[in-house]
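J.: The following block contains the structure, expressed as structure tokens.
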Amino acid sequence: MKCLLLVDLQNGFCPGGNLAVAGGHEVIPVANRLMAEGGYDLIVASQDWHPADHGSFASNHPGRQPFEMGELAGKPQMLWPDHCVQHTDDAALHPDLDRSKIAYIQRKGMNRHVDSYSAFRDNDRTAHTGLAEFLKGRGVTDLDIGGLATDYCVQASAIDAVEMLPGVRVRFVKDLSRGIDPATIKAAEQAMAAAGVQTVTSAEILHEA
Ligand code: VGL
Ligand code: ZN
């Protein structure tokens, strides 16, 4: 049972969005091609879905600027520009993404007191989103993950998948992903590899299919 998880392919993380990732829009055709020809049995997506008063937004910390380190519930927290606010265009999936094959969309980041990079659970690792149970129930054996951004939500989702879905082969699809900062992208790739996440390209997946 082969599954593809598309992480946060939203306007907010593409050029023109509030937390734009360089080249973020370039992964949309890669996602569409993999959905059509990648041989997947199940395709799911995650969607960053914040309330306007979310504690990860610098605007909710008087005097603080985006991309500064701050604190949220007593823990270090990167302070972001307001992004992916519920029901705004910034939070919508990219308009060119073919939604017809996406069976399930996991929203995350609704609790203002904690950030949720991973599609599987909050950053403090307490509340689960339910995606792991969903995938277990479907009998997933292979999980390919890519999207935006490599160094935050893709990394966190891939590492959580290894831990929360024992026995599942988890792969990071490199060209289906773009990241925020070159240094943290490199660290993310190393951390994923150390956790047991394999790296694969969309060309390799299409060749296997
Ligand atoms: C993300 C920062 C804040 C992501 C989401 O999707 O990688 N990054 N919220
Ligand atoms: Zn966010």
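If you're wondering about the labels, chains in the structure tokens are A, B, ... by order shown, residues count from 1 in each chain, ligands from 1 in order shown.
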For Arg169 in chain A, please output as a ChimeraX atom specification all residues within 7 Å (counting only C-alpha atoms; exclusion window: fewer than 5 positions along the same chain).
T.: /A:141-143
J.: From the DSSP assignment of the backbone, select every residue of range 116-175 of chain A that is strand (DSSP E), and format the answer as a list of chain:residue names.
T.: A:Asp142, A:Leu143, A:Asp144, A:Ile145, A:Gly146, A:Gly147, A:Arg169, A:Val170, A:Arg171, A:Phe172, A:Val173
J.: Pick the closest to Ser118 in chain A from A:Tyr152, A:Trp80, A:Phe13, A:Phe67: which is it, counting only C-alpha atoms?
T.: A:Tyr152
J.: As an exercise, work out the distance from CA of Ala188 in chain A to atom 3 (C, counted along the ligand's line) of ligand 1 in Å and give it to one decimal place.
T.: 14.8 Å
J.: Around ligand 1, out to 9 Å and counting only C-alpha atoms and all ligand atoms, which residues are there? I want them as JSON, numbers by chain.
T.: {"A": [7, 8, 9, 10, 12, 13, 19, 21, 46, 47, 48, 49, 50, 56, 57, 78, 79, 80, 81, 83, 84, 109, 115, 116, 117, 118, 147, 148, 149, 150, 151, 152, 153, 154, 155, 156, 179, 180]}
J.: Could you please write out, as a ChimeraX atom specification, every residue of range 9-151 of chain A that DSSP assigns to helix (DSSP H, G or I)?
T.: /A:11-13,24-37,58-60,89-91,99-101,131-137,150-151
J.: Near Pro166 in chain A, within 12 Å and counting only C-alpha atoms, which residues show up once chain neighbours fewer than 5 positions away are dropped, as a list of chain:residue names?
T.: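 Result of the neighbour search: A:Ala132, A:Glu133, A:Leu135, A:Lys136, A:Gly139, A:Val140, A:Thr141, A:Asp142, A:Leu143, A:Ile159, A:Asp160, A:Ala161, A:Gly196.
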J.: Could you check the closest approach to Ala203 in chain A for each of A:Ala22, A:Leu97, A:Ala52, A:Val30 and tell me which residue wins, using only C-alpha atoms?
T.: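 Checking each candidate against Ala203 in chain A, we get A:Val30 as the closest.
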J.: Name the residues in contact with range 34-37 of chain A at a cut-off of 12 Å, using only C-alpha atoms, excluding same-chain residues fewer than 4 positions from it; report them as a ChimeraX atom specification.
T.: /A:2-6,27-30,41-45,97-103,144-146,173,175-176,201-209
J.: For the selection you just gave me, I'd like the residues written to a file as a PDB file, in the first residue's frame, keeping C-alpha atoms.
T.:
```
ATOM      1  CA  LYS A   2       1.961   2.961  -1.312  1.00  0.00           C
ATOM      2  CA  CYS A   3       1.072   6.431  -0.079  1.00  0.00           C
ATOM      3  CA  LEU A   4       2.166   9.936  -1.048  1.00  0.00           C
ATOM      4  CA  LEU A   5       1.982  12.736   1.539  1.00  0.00           C
ATOM      5  CA  LEU A   6       2.018  16.246   0.057  1.00  0.00           C
ATOM      6  CA  VAL A  27       6.950  21.610  -6.985  1.00  0.00           C
ATOM      7  CA  ILE A  28       3.292  21.797  -8.044  1.00  0.00           C
ATOM      8  CA  PRO A  29       3.831  20.149 -11.475  1.00  0.00           C
ATOM      9  CA  VAL A  30       6.043  17.539  -9.781  1.00  0.00           C
ATOM     10  CA  ASP A  41      -2.611   3.621  -3.852  1.00  0.00           C
ATOM     11  CA  LEU A  42      -3.381   6.557  -1.575  1.00  0.00           C
ATOM     12  CA  ILE A  43      -2.597  10.284  -1.723  1.00  0.00           C
ATOM     13  CA  VAL A  44      -2.995  12.588   1.272  1.00  0.00           C
ATOM     14  CA  ALA A  45      -2.057  16.208   1.933  1.00  0.00           C
ATOM     15  CA  LEU A  97      -2.543  21.503  -7.664  1.00  0.00           C
ATOM     16  CA  ASP A  98      -4.766  18.696  -8.947  1.00  0.00           C
ATOM     17  CA  ARG A  99      -6.963  17.978  -5.949  1.00  0.00           C
ATOM     18  CA  SER A 100      -8.964  15.204  -7.599  1.00  0.00           C
ATOM     19  CA  LYS A 101      -6.691  12.406  -6.335  1.00  0.00           C
ATOM     20  CA  ILE A 102      -6.184  13.722  -2.802  1.00  0.00           C
ATOM     21  CA  ALA A 103      -8.200  11.382  -0.570  1.00  0.00           C
ATOM     22  CA  ASP A 144       6.777   9.121   0.242  1.00  0.00           C
ATOM     23  CA  ILE A 145       6.811  12.675   1.594  1.00  0.00           C
ATOM     24  CA  GLY A 146       7.578  16.019  -0.021  1.00  0.00           C
ATOM     25  CA  VAL A 173      11.134  13.196  -2.311  1.00  0.00           C
ATOM     26  CA  ASP A 175      12.595  17.527  -6.027  1.00  0.00           C
ATOM     27  CA  LEU A 176       9.033  17.612  -4.658  1.00  0.00           C
ATOM     28  CA  THR A 201      13.730  11.737  -6.746  1.00  0.00           C
ATOM     29  CA  SER A 202      10.455  11.905  -8.633  1.00  0.00           C
ATOM     30  CA  ALA A 203      12.239  10.444 -11.686  1.00  0.00           C
ATOM     31  CA  GLU A 204      13.188   7.369  -9.675  1.00  0.00           C
ATOM     32  CA  ILE A 205       9.604   6.986  -8.427  1.00  0.00           C
ATOM     33  CA  LEU A 206       8.176   7.296 -11.958  1.00  0.00           C
ATOM     34  CA  HIS A 207      10.688   4.705 -13.137  1.00  0.00           C
ATOM     35  CA  GLU A 208       9.598   2.267 -10.368  1.00  0.00           C
ATOM     36  CA  ALA A 209       5.902   2.747 -11.111  1.00  0.00           C
TER      37      ALA A 209
END
```
J.: Find the distance between CA of Val114 in chain A and CA of Asn11 in chain A and write it in Å to one decimal.
T.: 22.2 Å
J.: Give me, please, the distance in Å between CA of Arg64 in chain A and CA of Ile185 in chain A, quoted to one decimal.
T.: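 Pair CA of Arg64 in chain A / CA of Ile185 in chain A returns 24.6 Å.
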